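K.L.:
Dropping a structure here in structure tokens format, bear with me for questions.
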Amino acid sequence: MRHPHEGEPLSVGFVLLRRFTMMPFAAFVDCLRLAADEGDRSRQLRCHWVFMTSGGHDAMSSCGAAVTPCSPFRDPGEFDYIVVIGGVQDEHDAVDEAALAYLKRVDSAGVPLVGVCTGVFALIQAGLMNGRHCCVSWYHHGDLTQRFPDIEPVADRLFIDDGDRLTCAGGIASADLAAYLVERHLGKAWAMKSLHIMLIDEARQGSHPQPQPVIFDKVADRLVRRAIDIIEQHLGQTISVDELARRIGTSRRNIERKFREELGVGPQKFARDLRLRYGLWLLHYTAKSVTEIGERCGFADTAHFSRHFRDAFGTTPTAMRKSAGEGAAPVDPFFLHVGSRSQVTR
């Protein structure tokens with residue numbers, strides 16, 4: 001492992017996986033770039049970075065923009081951190097075995113690994129997150145728990161520093177994590193310089209909560225918000241009201257009363273409606289079968305899913321998919337339309 005001395009640059013190696021997401025990558029590397037030099041001259045003085053891919057080929061992002069030049073994987077000892085930027089998750093994509101082998105090599109060298117956005121998926125696939133805390137975006141929480149049921153991810157904070165494993169929800173939160181590392185190695189003034197030029201008011205701590213879907217704009221009660229957060233993170237399974245109450249530190253009677261006061265329905269119906277809206281979104285925007293969608297939304301079987309779906313939306317999942325293909329109105333990507341109580345209780 002590299003042991004930097006005062007005056008040496010902070011050295012970061014980026015592993016850019018196939019169809020990596022541009023926003024978290026750009027936010028992280030620009031924070032380093034702006035801290036590296038005086039003004040906006042972009043010289044790699046206080047910070048040094050290298051972009052790496054399997055074979056050293058150009059890195060293609062999910063938006064179609066390519067990053068070049070990229071280097072083949074280098075000796076991990078050259079770096080203070082290796083940052084893995086994950087890409088679009090497609091279960092049909094081939095696993096980058098060379099990248100996973102490199103991450104294991106980084107671990108053996110004792111260099112801290114940073115999983116940004118879905119980069120944490122690669123760390124898990126490499127067997128490097130067993131028994132570790134793991135931060136993920138609320139948007140990818142369901143995918144992660146379904147693919148890796150033995151991993152317990154956290155989706156209510158921006159990033160987690162677990163020593164030689166750091167994981168970040170992605171998006172603009174990667175700038176917060178980069179600033180956190182810049183401050184650790186170079187001092188707070190350099191971290192604040194970067195954030196101010198990026199028009200970010202101040203660095204947010206890793207424990208800062210992730211922005212949540214639109215439902216939170218309509219909910220004032222703290223316990224109800226916490227309960228909804230848990231429900232959203234477990235759309236693929238049914239959580240009993242007793243378990244929900246236990247996890248937020250209250251009684252079943254209290255949480256049921258608060259849900260009815262805030263939303264006009266009990267937590268059990270709210271959770272089922274949310275899972276149905278998730279199914280509605282999957283019907284519009286994925287090619288998964290009705291059976292797969294029902295399972296993913298936590299229903300016991302296709303008949304169970306279809307029956308509740310018809311009750312909620314007035315048509316079957318199959319008919320809804322057909323209407324989606326005919327140009328029906330788009331579905332809210334956050335699965336919720338909470339403009340009034342009538343919409344919640346439909």
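The way I read the labels, and the way they are meant: chains A, B, ... in the order of the structure tokens, residue 1 as the first residue of every chain, and ligand 1 as the first ligand shown, with later ones counted on from there.
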For Glu78 of chain A, list every protein, DNA or RNA residue within 12 Å, evaluated using only C-alpha atoms, and leave out those in the same chain fewer than 2 positions away; present the list as JSON, numbers by chain.
P.N.:
{"A": [1, 2, 3, 4, 9, 10, 11, 12, 13, 48, 49, 50, 73, 74, 75, 76, 80, 81, 82, 106, 109, 110, 111]}
K.L.:
List every residue of segment 57-242 of chain A that DSSP, applied to the backbone of this structure, assigns to strand (DSSP E or B), and report them as an MDAnalysis selection string.
P.N.:
chainID A and resid 59:61 66:67 71 81:85 87 113:116 134:135 153:154 159:161 165:168
K.L.:
Once you have the residues from the selection above, write them out as a JSON list (two decimals), in the first residue's frame, restricted to C-alpha atoms.
P.N.:
[["chain", "number", "residue", "atom", "x", "y", "z"],
["A", 59, "ALA", "CA", -14.50, 3.57, -21.45],
["A", 60, "MET", "CA", -18.03, 3.90, -22.82],
["A", 61, "SER", "CA", -20.50, 5.52, -20.45],
["A", 66, "ALA", "CA", -16.47, 7.80, -24.17],
["A", 67, "VAL", "CA", -13.59, 8.56, -21.80],
["A", 71, "SER", "CA", -4.78, 2.75, -19.05],
["A", 81, "TYR", "CA", -7.59, 4.66, -3.38],
["A", 82, "ILE", "CA", -9.09, 2.65, -6.21],
["A", 83, "VAL", "CA", -12.52, 4.05, -7.14],
["A", 84, "VAL", "CA", -14.90, 1.72, -8.99],
["A", 85, "ILE", "CA", -17.56, 3.50, -11.04],
["A", 87, "GLY", "CA", -22.65, 1.04, -14.81],
["A", 113, "LEU", "CA", -11.55, 0.33, -2.43],
["A", 114, "VAL", "CA", -14.32, 2.82, -3.16],
["A", 115, "GLY", "CA", -17.57, 1.60, -4.74],
["A", 116, "VAL", "CA", -19.53, 4.44, -6.33],
["A", 134, "CYS", "CA", -22.72, -1.23, 2.10],
["A", 135, "CYS", "CA", -24.25, 2.05, 0.87],
["A", 153, "PRO", "CA", -27.42, -2.55, 1.99],
["A", 154, "VAL", "CA", -28.12, 0.86, 3.49],
["A", 159, "PHE", "CA", -21.84, 7.26, 1.76],
["A", 160, "ILE", "CA", -20.24, 4.93, 4.27],
["A", 161, "ASP", "CA", -16.58, 4.89, 5.32],
["A", 165, "ARG", "CA", -14.09, -0.05, 1.99],
["A", 166, "LEU", "CA", -15.97, 3.11, 1.12],
["A", 167, "THR", "CA", -19.31, 2.93, -0.67],
["A", 168, "CYS", "CA", -21.38, 5.78, -2.08]]
K.L.:
Quick check for you: according to DSSP on this backbone, which residues of segment 132-176 of chain A are classed as alpha helix (DSSP H)? Reply as an NGL selection string.
P.N.:
:A and (138-147 or 173-176)
K.L.:
Determine the nearest neighbour of Ala179 of chain A from the options A:Val120, A:Met23, A:Cys31, A:Leu17, counting only C-alpha atoms.
P.N.:
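The shortest atom-to-atom distance to Ala179 of chain A comes from A:Cys31.
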K.L.:
Let me make sure I understand: among A:Leu123, A:Leu100, A:Cys47, A:Val29, which one has the smallest atom-to-atom distance to Leu186 of chain A if we use only C-alpha atoms?
P.N.:
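Counting only C-alpha atoms, the residue closest to Leu186 of chain A is A:Cys47.
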K.L.:
Considering only C-alpha atoms, give me a table of residues in segment 132-175 of chain A that are at most 7 Å from segment 225-245 of chain A, with the closest atom pair and distance in Å for each, as CSV.
P.N.:
residue,atom,partner,partner_atom,distance
A:Trp138,CA,A:Gln233,CA,6.6
A:His141,CA,A:Gln233,CA,6.0
A:Gly142,CA,A:Gln233,CA,6.3
K.L.:
So which residues touch Lys288 of chain A within 12 Å, counting only C-alpha atoms, skipping near sequence neighbours fewer than 3 positions away, as a VMD selection string?
P.N.:
chain A and resid 91 279 to 285 291 to 297 317 to 318 321
K.L.:
Please, could you write that set of residues out with N, CA and C atoms as a compact mmCIF listing (two decimals), in the first residue's frame?
P.N.:
# COMPACT_ATOMS: atom_id res chain seq x y z
N GLU A 91 -28.92 -7.82 -16.25
CA GLU A 91 -28.61 -9.18 -15.84
C GLU A 91 -28.06 -10.03 -16.99
N GLY A 279 -45.08 -2.42 -9.69
CA GLY A 279 -45.42 -3.35 -10.77
C GLY A 279 -45.89 -2.62 -12.01
N LEU A 280 -46.69 -1.56 -11.83
CA LEU A 280 -47.15 -0.75 -12.96
C LEU A 280 -45.97 -0.16 -13.72
N TRP A 281 -45.00 0.35 -12.97
CA TRP A 281 -43.80 0.92 -13.59
C TRP A 281 -43.01 -0.15 -14.35
N LEU A 282 -42.87 -1.34 -13.76
CA LEU A 282 -42.14 -2.41 -14.43
C LEU A 282 -42.84 -2.86 -15.71
N LEU A 283 -44.14 -2.86 -15.71
CA LEU A 283 -44.89 -3.23 -16.92
C LEU A 283 -44.62 -2.25 -18.05
N HIS A 284 -44.49 -0.97 -17.72
CA HIS A 284 -44.27 0.05 -18.74
C HIS A 284 -42.83 0.08 -19.24
N TYR A 285 -41.89 -0.14 -18.36
CA TYR A 285 -40.50 0.17 -18.70
C TYR A 285 -39.55 -1.02 -18.72
N THR A 291 -45.41 -12.73 -14.58
CA THR A 291 -45.04 -13.60 -13.46
C THR A 291 -43.82 -13.06 -12.73
N GLU A 292 -42.79 -12.67 -13.51
CA GLU A 292 -41.56 -12.13 -12.90
C GLU A 292 -41.86 -10.85 -12.13
N ILE A 293 -42.71 -10.00 -12.70
CA ILE A 293 -43.04 -8.73 -12.05
C ILE A 293 -43.79 -8.98 -10.75
N GLY A 294 -44.74 -9.91 -10.78
CA GLY A 294 -45.47 -10.22 -9.56
C GLY A 294 -44.55 -10.70 -8.45
N GLU A 295 -43.60 -11.57 -8.80
CA GLU A 295 -42.63 -12.06 -7.82
C GLU A 295 -41.76 -10.92 -7.30
N ARG A 296 -41.33 -10.04 -8.22
CA ARG A 296 -40.45 -8.95 -7.83
C ARG A 296 -41.15 -7.95 -6.92
N CYS A 297 -42.46 -7.88 -7.05
CA CYS A 297 -43.23 -6.96 -6.21
C CYS A 297 -43.73 -7.61 -4.93
N PRO A 317 -52.80 -6.83 -15.62
CA PRO A 317 -51.42 -6.47 -16.00
C PRO A 317 -51.17 -6.65 -17.49
N THR A 318 -51.70 -7.71 -18.08
CA THR A 318 -51.49 -7.96 -19.52
C THR A 318 -52.10 -6.84 -20.36
N ARG A 321 -50.02 -3.65 -20.01
CA ARG A 321 -48.81 -3.67 -20.83
C ARG A 321 -49.13 -3.36 -22.29
K.L.:
Can you tell me, as a PyMOL selection string, what residues are no more than 12 Å from Leu32 of chain A when counting only C-alpha atoms, ignoring any on the same chain fewer than 5 positions away?
P.N.:
chain A and resi 9-14+25-27+37+40+42-50+174-183+185-186+190-195+197-198
K.L.:
Considering only C-alpha atoms, state which residue in the set A:Gly187, A:Gly170, A:Pro267, A:Pro112 is at the smallest distance from Arg157 of chain A.
P.N.:
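Nearest candidate to Arg157 of chain A out of A:Gly187, A:Gly170, A:Pro267, A:Pro112: A:Gly170.
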